[in-house]
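Notes follow once the structure below has been shown.
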Amino acid sequence: MRLSSGSCLDAMEHIRMPKVENVRLIDRISSRKAALGTLYLTATHVIFVENMSETRKETWILHSQISSIEKQATTATGCPLLIRCKNFQIIQLIIPQERDCHDVYISLIRLARPVKYEELYCFSFNPKLDKEEREQGWKLVGLNEEYNRMGVPNNYWQISDVNRDYQICDSYPTEVYVPKSATAHIIVGSSKFRSRRRFPALSYYCKDNNASICRSSQPLSGFSARCLEDEQMLQAIRKANPGSNFIYVVDTRPKLNAMANRAAGKGYENEDNYSNIKFQFIGIENIHVMRSSLQKMLEVCELKSPSMNDFLWGLENSGWLKHIKAIMDAGIFIAKAVAEEGVSVLVHCSDGWDRTAQVCSVASLLLDPFYRTMKGFMVLIEKDWVSFGHKFNHRYGNLDGDPKEISPVIDQFIECVWQLMEQFPCAFEFNERFLIHIQHHIYSCQFGNFLCNTQKERRELKIQERTYSLWAHLWKNRADYRNPLYREDHSQTQGTLRPQTAPCNFLYKFWSGMYTRFEKGMHPRQSVTDYLMAVKEETQQLEEELEVLEQRLADLKKVQSNNRKENSKQQDQNTHLGLSASNNSIANTPQDYINNVKSFPSRSPSQGDEEDSALILTQDNLKSSDPDLSANSDQESGVEDLSCRSPSGGGCLPSEDSGKDSDEAVFLTV
């Protein structure tokens, strides 16, 4: 990995204290296990290196991952500095001198809050790929191919360039799919009656029954306003599905919130004005409630040695799982409407870029098995989040801005996917690690996929020409993200998923793998899926060894058969010449051996042969044949966790045992 010199030099200007010695890293579970080491501040990372010569363990934290920095009151042992990260890691340092602590604090405050996009890590990150490889990485996920896969354009839907140059809606993509009967006049008129001019557009099309999921923002209806073009737009969506005589309009907000918006000239559709619609409120809370809920849950996670009762009470009081259930219920309702009733659905919230993205993507995931594959999940995020203008910069604090705009919107969607994986363990091609890595890189700004608020901003910054795609990195390492339980022919893998809808207390779980993965002792070091993946990899290796041995055995049998034929032929020739078997058996001259040279090996068994040696299976043979197997495997458990050693070159995550950006992987010993 290389870093671009320009942005690094800019960042170095903000570093008051690049190195501090005799810093202690506190173990949050046991303060007695503090590690003594040296703290480094670089242009992109905070690095803590332990002094222990035999381990030299390193903890790497990207500046862009830092959520908050708290300088605590000085004690007799030094000045504490608490760093909370967006990936839920917490680092507590004790710096000997208060002045050094202050310099580090001031430096990190500035480094963690860049003011322009060019300061972000992705503009200096370089994984040593040439221009062609970078371009191919961005082409891995294509939305034109995805809409073609869904079956559009067709007799009912067409691609429209009415938004070319972003002249109608600057937060929409330039190309959108709309009903074929919707003229440019209708689209423009509808956009003027919708908040942020986000008119109804296609999100998902079910070619089996022509039902669709469309998305938009709230109408500017107020208490009595109406728009003929907007009414015609919804009528066009209904006509694009000949099998149904009405459409659902789903407002994902609580009804009180939607009614309050009426006073500001916004609101929701009046069923008296729109023919053939059925209106449905869902009740997902706004970004401010979600931000507060996550904070309450994280406070519970930070409790030291809580009782089970205290932990469960705190989790319930945070309301987090209740909000997850609300998003899931909305997705389930829409998926049932499309798959079982064959009815099209229009989804909106206030501006159509937060709750709408959550609900549309959950419904699509339930409906279509393709989105439950690795490639399909990448496409889903590109389609419903990136292209339709989810505000990544504002929601995840890429740049210094209004903290009230920050909210865990896509985090909740990712958790919904994990909750589904818990209910349907065989339905998803990817594993939990895949989701955690995506969440990590939404905040890391190491790749360019999740920068800016709109497609327009990304094109103006030339993101694809100046940064690298996360999807290419994940796809290259897809073996690490495979779910060992996934089967393409399994009943869970086919068709629509139908999750249970029991109360969240009995159905939805606390995701310890996400929120407490850095806390030692909080959960098992190895999950069941990790263990199964290790078994699967070991089985595959043994099957490959078996195949090699079977091929070698067949070759040896063939050689043996040829030798027998050669010997038989030689004996026939000798008999024909009148030589007796007894005389032939005692022949002991060089000429005698020359005649039968093919029946002897070219070298002695002790000398060995590259192919023959494959028959001798030793521990060394197996280790050398598979570089993924560790020579230091735990012989008692049969499994071991391996960590990446490249903190920023491969986008690896920091783990509990390795502070560098690393992944845990498990392998079986041979």
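Identifiers for the structure tokens are assigned positionally: chains receive A, B, ... in sequence, residues are indexed from 1 per chain, and ligands are indexed from 1 in the order shown.
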
Write out as CSV a residue-level contact list of region 449-479 of chain A versus region 103-119 of chain A with cut-off 9 Å: for each qualifying residue the closest pair of atoms and the distance in Å to one decimal, counting only C-alpha atoms, rows sorted by chain and residue number upward.
```
residue,atom,partner,partner_atom,distance
A:Leu451,CA,A:Tyr117,CA,8.2
A:Cys452,CA,A:Tyr117,CA,8.3
A:Leu461,CA,A:Tyr117,CA,8.6
```

Item checked: Members of region 394-475 of chain A assigned helix (DSSP H, G or I) by DSSP, as a PyMOL selection string -> chain A and resi 394-396+403-405+409-423+432-444+455-460+463-466+470-475

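Closest approach to Cys206 (chain A) among A:Tyr156, A:Trp418, A:Tyr166, A:Phe388: A:Tyr156, based on only C-alpha atoms.
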
Next item on the list: Mind checking which residues fall within 8 Å of Asp354 (chain A), counting only C-alpha atoms, ignoring those fewer than 5 positions away in the same chain, and posting them as number ranges by chain?
Entry: A: 349, 390, 409

Item checked: DSSP strand (DSSP E or B) residues within region 281-516 of chain A, as JSON, numbers by chain -> {"A": [281, 345, 346, 347, 348, 430, 482]}

How about saving the chosen residues, N, CA, C and O atoms kept, as a PDB file, in the first residue's frame?
```
ATOM      1  N   PHE A 281     -49.760   3.249   7.265  1.00  0.00           N
ATOM      2  CA  PHE A 281     -48.663   3.768   8.094  1.00  0.00           C
ATOM      3  C   PHE A 281     -47.921   2.590   8.726  1.00  0.00           C
ATOM      4  O   PHE A 281     -48.530   1.586   9.104  1.00  0.00           O
ATOM      5  N   VAL A 345     -46.395  -1.501  -4.731  1.00  0.00           N
ATOM      6  CA  VAL A 345     -46.300  -0.694  -3.512  1.00  0.00           C
ATOM      7  C   VAL A 345     -45.467   0.553  -3.795  1.00  0.00           C
ATOM      8  O   VAL A 345     -44.405   0.470  -4.421  1.00  0.00           O
ATOM      9  N   LEU A 346     -45.938   1.720  -3.331  1.00  0.00           N
ATOM     10  CA  LEU A 346     -45.142   2.945  -3.325  1.00  0.00           C
ATOM     11  C   LEU A 346     -44.742   3.227  -1.887  1.00  0.00           C
ATOM     12  O   LEU A 346     -45.601   3.284  -0.996  1.00  0.00           O
ATOM     13  N   VAL A 347     -43.432   3.390  -1.648  1.00  0.00           N
ATOM     14  CA  VAL A 347     -42.903   3.591  -0.301  1.00  0.00           C
ATOM     15  C   VAL A 347     -42.324   4.997  -0.195  1.00  0.00           C
ATOM     16  O   VAL A 347     -41.617   5.457  -1.095  1.00  0.00           O
ATOM     17  N   HIS A 348     -42.611   5.671   0.924  1.00  0.00           N
ATOM     18  CA  HIS A 348     -41.919   6.932   1.190  1.00  0.00           C
ATOM     19  C   HIS A 348     -41.877   7.192   2.684  1.00  0.00           C
ATOM     20  O   HIS A 348     -42.597   6.579   3.484  1.00  0.00           O
ATOM     21  N   PHE A 430     -23.378 -15.293   2.129  1.00  0.00           N
ATOM     22  CA  PHE A 430     -22.327 -14.650   2.902  1.00  0.00           C
ATOM     23  C   PHE A 430     -22.539 -14.885   4.396  1.00  0.00           C
ATOM     24  O   PHE A 430     -23.623 -15.262   4.849  1.00  0.00           O
ATOM     25  N   ARG A 482     -17.746 -16.653   2.824  1.00  0.00           N
ATOM     26  CA  ARG A 482     -18.740 -17.670   2.452  1.00  0.00           C
ATOM     27  C   ARG A 482     -19.386 -18.275   3.685  1.00  0.00           C
ATOM     28  O   ARG A 482     -18.718 -18.607   4.664  1.00  0.00           O
TER      29      ARG A 482
END
```

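Residue nearest Glu429 (chain A) within the list A:Lys383, A:Lys404, A:Lys476, A:Arg487: A:Arg487 [criterion: smallest interatomic distance, only C-alpha atoms].
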
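Near Arg262 (chain A), within a cut-off of 9 Å and counting only C-alpha atoms, sit the residues Leu220, Ser221, Gly222, Phe223, Ala258, Met259, Gly265, Lys266, Gly267 and Tyr268 of chain A, with same-chain residues fewer than 3 positions away left out.
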
Next item on the list: Show which residues sit within 9 Å of Glu229 (chain A), as a PyMOL selection string. Count only C-alpha atoms, and ignore same-chain residues fewer than 6 positions away.
Entry: chain A and resi 185-191+193

Item checked: Contacts of region 172-177 of chain A at 9 Å (only C-alpha atoms; same-chain gap of 4+ positions) as number ranges by chain -> A: 147, 152-153, 157-168, 198, 201-203, 387-389, 454-456

Could you dump the residues just selected with N, CA and C atoms as a short mmCIF file (atom, residue, chain, number, x, y, z; two decimals), in the first residue's frame?
```
data_model
loop_
_atom_site.label_atom_id
_atom_site.label_comp_id
_atom_site.auth_asym_id
_atom_site.auth_seq_id
_atom_site.Cartn_x
_atom_site.Cartn_y
_atom_site.Cartn_z
N TYR A 147 -31.15 -4.10 -13.49
CA TYR A 147 -32.52 -3.87 -13.95
C TYR A 147 -32.88 -4.80 -15.10
N VAL A 152 -36.63 -5.45 -16.80
CA VAL A 152 -37.00 -4.14 -17.36
C VAL A 152 -35.82 -3.59 -18.16
N PRO A 153 -36.12 -2.78 -19.19
CA PRO A 153 -37.43 -2.29 -19.63
C PRO A 153 -38.27 -3.39 -20.29
N TRP A 157 -42.62 -0.88 -18.23
CA TRP A 157 -41.63 0.01 -17.62
C TRP A 157 -40.58 0.43 -18.64
N GLN A 158 -40.15 1.66 -18.51
CA GLN A 158 -39.13 2.18 -19.41
C GLN A 158 -38.09 2.98 -18.63
N ILE A 159 -36.91 3.09 -19.21
CA ILE A 159 -35.87 3.93 -18.62
C ILE A 159 -36.07 5.36 -19.12
N SER A 160 -35.97 6.29 -18.20
CA SER A 160 -36.20 7.70 -18.56
C SER A 160 -34.95 8.52 -18.27
N ASP A 161 -34.64 9.41 -19.18
CA ASP A 161 -33.52 10.32 -18.99
C ASP A 161 -34.01 11.72 -18.66
N VAL A 162 -35.23 11.80 -18.13
CA VAL A 162 -35.80 13.10 -17.81
C VAL A 162 -34.95 13.84 -16.77
N ASN A 163 -34.17 13.07 -15.99
CA ASN A 163 -33.32 13.67 -14.96
C ASN A 163 -31.87 13.82 -15.41
N ARG A 164 -31.64 13.79 -16.72
CA ARG A 164 -30.27 13.96 -17.21
C ARG A 164 -29.71 15.30 -16.71
N ASP A 165 -28.44 15.28 -16.38
CA ASP A 165 -27.77 16.45 -15.80
C ASP A 165 -28.39 16.88 -14.48
N TYR A 166 -29.17 15.96 -13.87
CA TYR A 166 -29.77 16.20 -12.55
C TYR A 166 -30.64 17.46 -12.55
N GLN A 167 -31.30 17.72 -13.67
CA GLN A 167 -32.03 18.98 -13.80
C GLN A 167 -33.38 18.95 -13.08
N ILE A 168 -33.90 17.78 -12.77
CA ILE A 168 -35.17 17.72 -12.02
C ILE A 168 -34.91 17.46 -10.54
N ARG A 198 -38.29 14.47 -5.25
CA ARG A 198 -38.01 13.03 -5.40
C ARG A 198 -39.31 12.32 -5.80
N ALA A 201 -40.24 6.43 -8.42
CA ALA A 201 -39.38 5.73 -9.37
C ALA A 201 -39.26 4.27 -8.95
N LEU A 202 -38.94 3.42 -9.90
CA LEU A 202 -38.89 1.97 -9.64
C LEU A 202 -37.68 1.59 -8.80
N SER A 203 -37.93 0.77 -7.78
CA SER A 203 -36.85 0.19 -6.98
C SER A 203 -36.70 -1.30 -7.27
N SER A 387 -27.24 4.86 -5.25
CA SER A 387 -27.74 5.58 -6.44
C SER A 387 -28.91 6.50 -6.11
N PHE A 388 -29.74 6.12 -5.12
CA PHE A 388 -30.92 6.93 -4.81
C PHE A 388 -30.66 7.98 -3.72
N GLY A 389 -29.39 8.30 -3.50
CA GLY A 389 -29.07 9.49 -2.72
C GLY A 389 -29.21 9.37 -1.22
N THR A 454 -24.78 12.23 -2.72
CA THR A 454 -25.51 11.95 -3.96
C THR A 454 -24.57 11.46 -5.05
N GLN A 455 -25.18 10.86 -6.08
CA GLN A 455 -24.42 10.46 -7.26
C GLN A 455 -23.81 11.68 -7.94
N LYS A 456 -24.53 12.78 -7.93
CA LYS A 456 -24.02 14.01 -8.55
C LYS A 456 -22.72 14.47 -7.90
#
```

Next item on the list: Find the spatial neighbours of Ala35 (chain A), counting only C-alpha atoms, within a cut-off of 7 Å - ignore same-chain residues fewer than 4 positions away - and output them as number ranges by chain.
Entry: A: 24-26, 50

Go ahead and dump the residues you just picked, N, CA, C and O atoms, as an mmCIF file, in the first residue's frame.
```cif
data_model
loop_
_atom_site.group_PDB
_atom_site.id
_atom_site.type_symbol
_atom_site.label_atom_id
_atom_site.label_comp_id
_atom_site.auth_asym_id
_atom_site.auth_seq_id
_atom_site.Cartn_x
_atom_site.Cartn_y
_atom_site.Cartn_z
ATOM 1 N N ARG A 24 0.149 3.754 28.480
ATOM 2 C CA ARG A 24 -0.487 2.495 28.877
ATOM 3 C C ARG A 24 -1.848 2.352 28.188
ATOM 4 O O ARG A 24 -2.651 3.289 28.184
ATOM 5 N N LEU A 25 -2.065 1.173 27.619
ATOM 6 C CA LEU A 25 -3.352 0.822 27.013
ATOM 7 C C LEU A 25 -4.117 -0.026 28.015
ATOM 8 O O LEU A 25 -3.686 -1.119 28.382
ATOM 9 N N ILE A 26 -5.265 0.488 28.457
ATOM 10 C CA ILE A 26 -6.023 -0.155 29.531
ATOM 11 C C ILE A 26 -6.954 -1.218 28.971
ATOM 12 O O ILE A 26 -7.668 -0.988 27.978
ATOM 13 N N GLU A 50 3.053 -2.133 21.636
ATOM 14 C CA GLU A 50 3.470 -2.603 22.955
ATOM 15 C C GLU A 50 4.988 -2.751 23.011
ATOM 16 O O GLU A 50 5.640 -3.043 22.011
#
```

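With only C-alpha atoms as the atoms that count, the residue of A:Asn317, A:Gln464, A:Thr74, A:Ser216 with the shortest distance to Glu135 (chain A) is A:Gln464.
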
Notebook entry, point to check: Out of A:Pro200, A:Pro254, A:Pro242, A:Gly448, which residue has the shortest atom-to-atom distance to Val386 (chain A) when counting only C-alpha atoms?
Noted result: A:Gly448

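Put simply, CA of Phe518 (chain A) is 26.2 Å away from CA of Ile381 (chain A).
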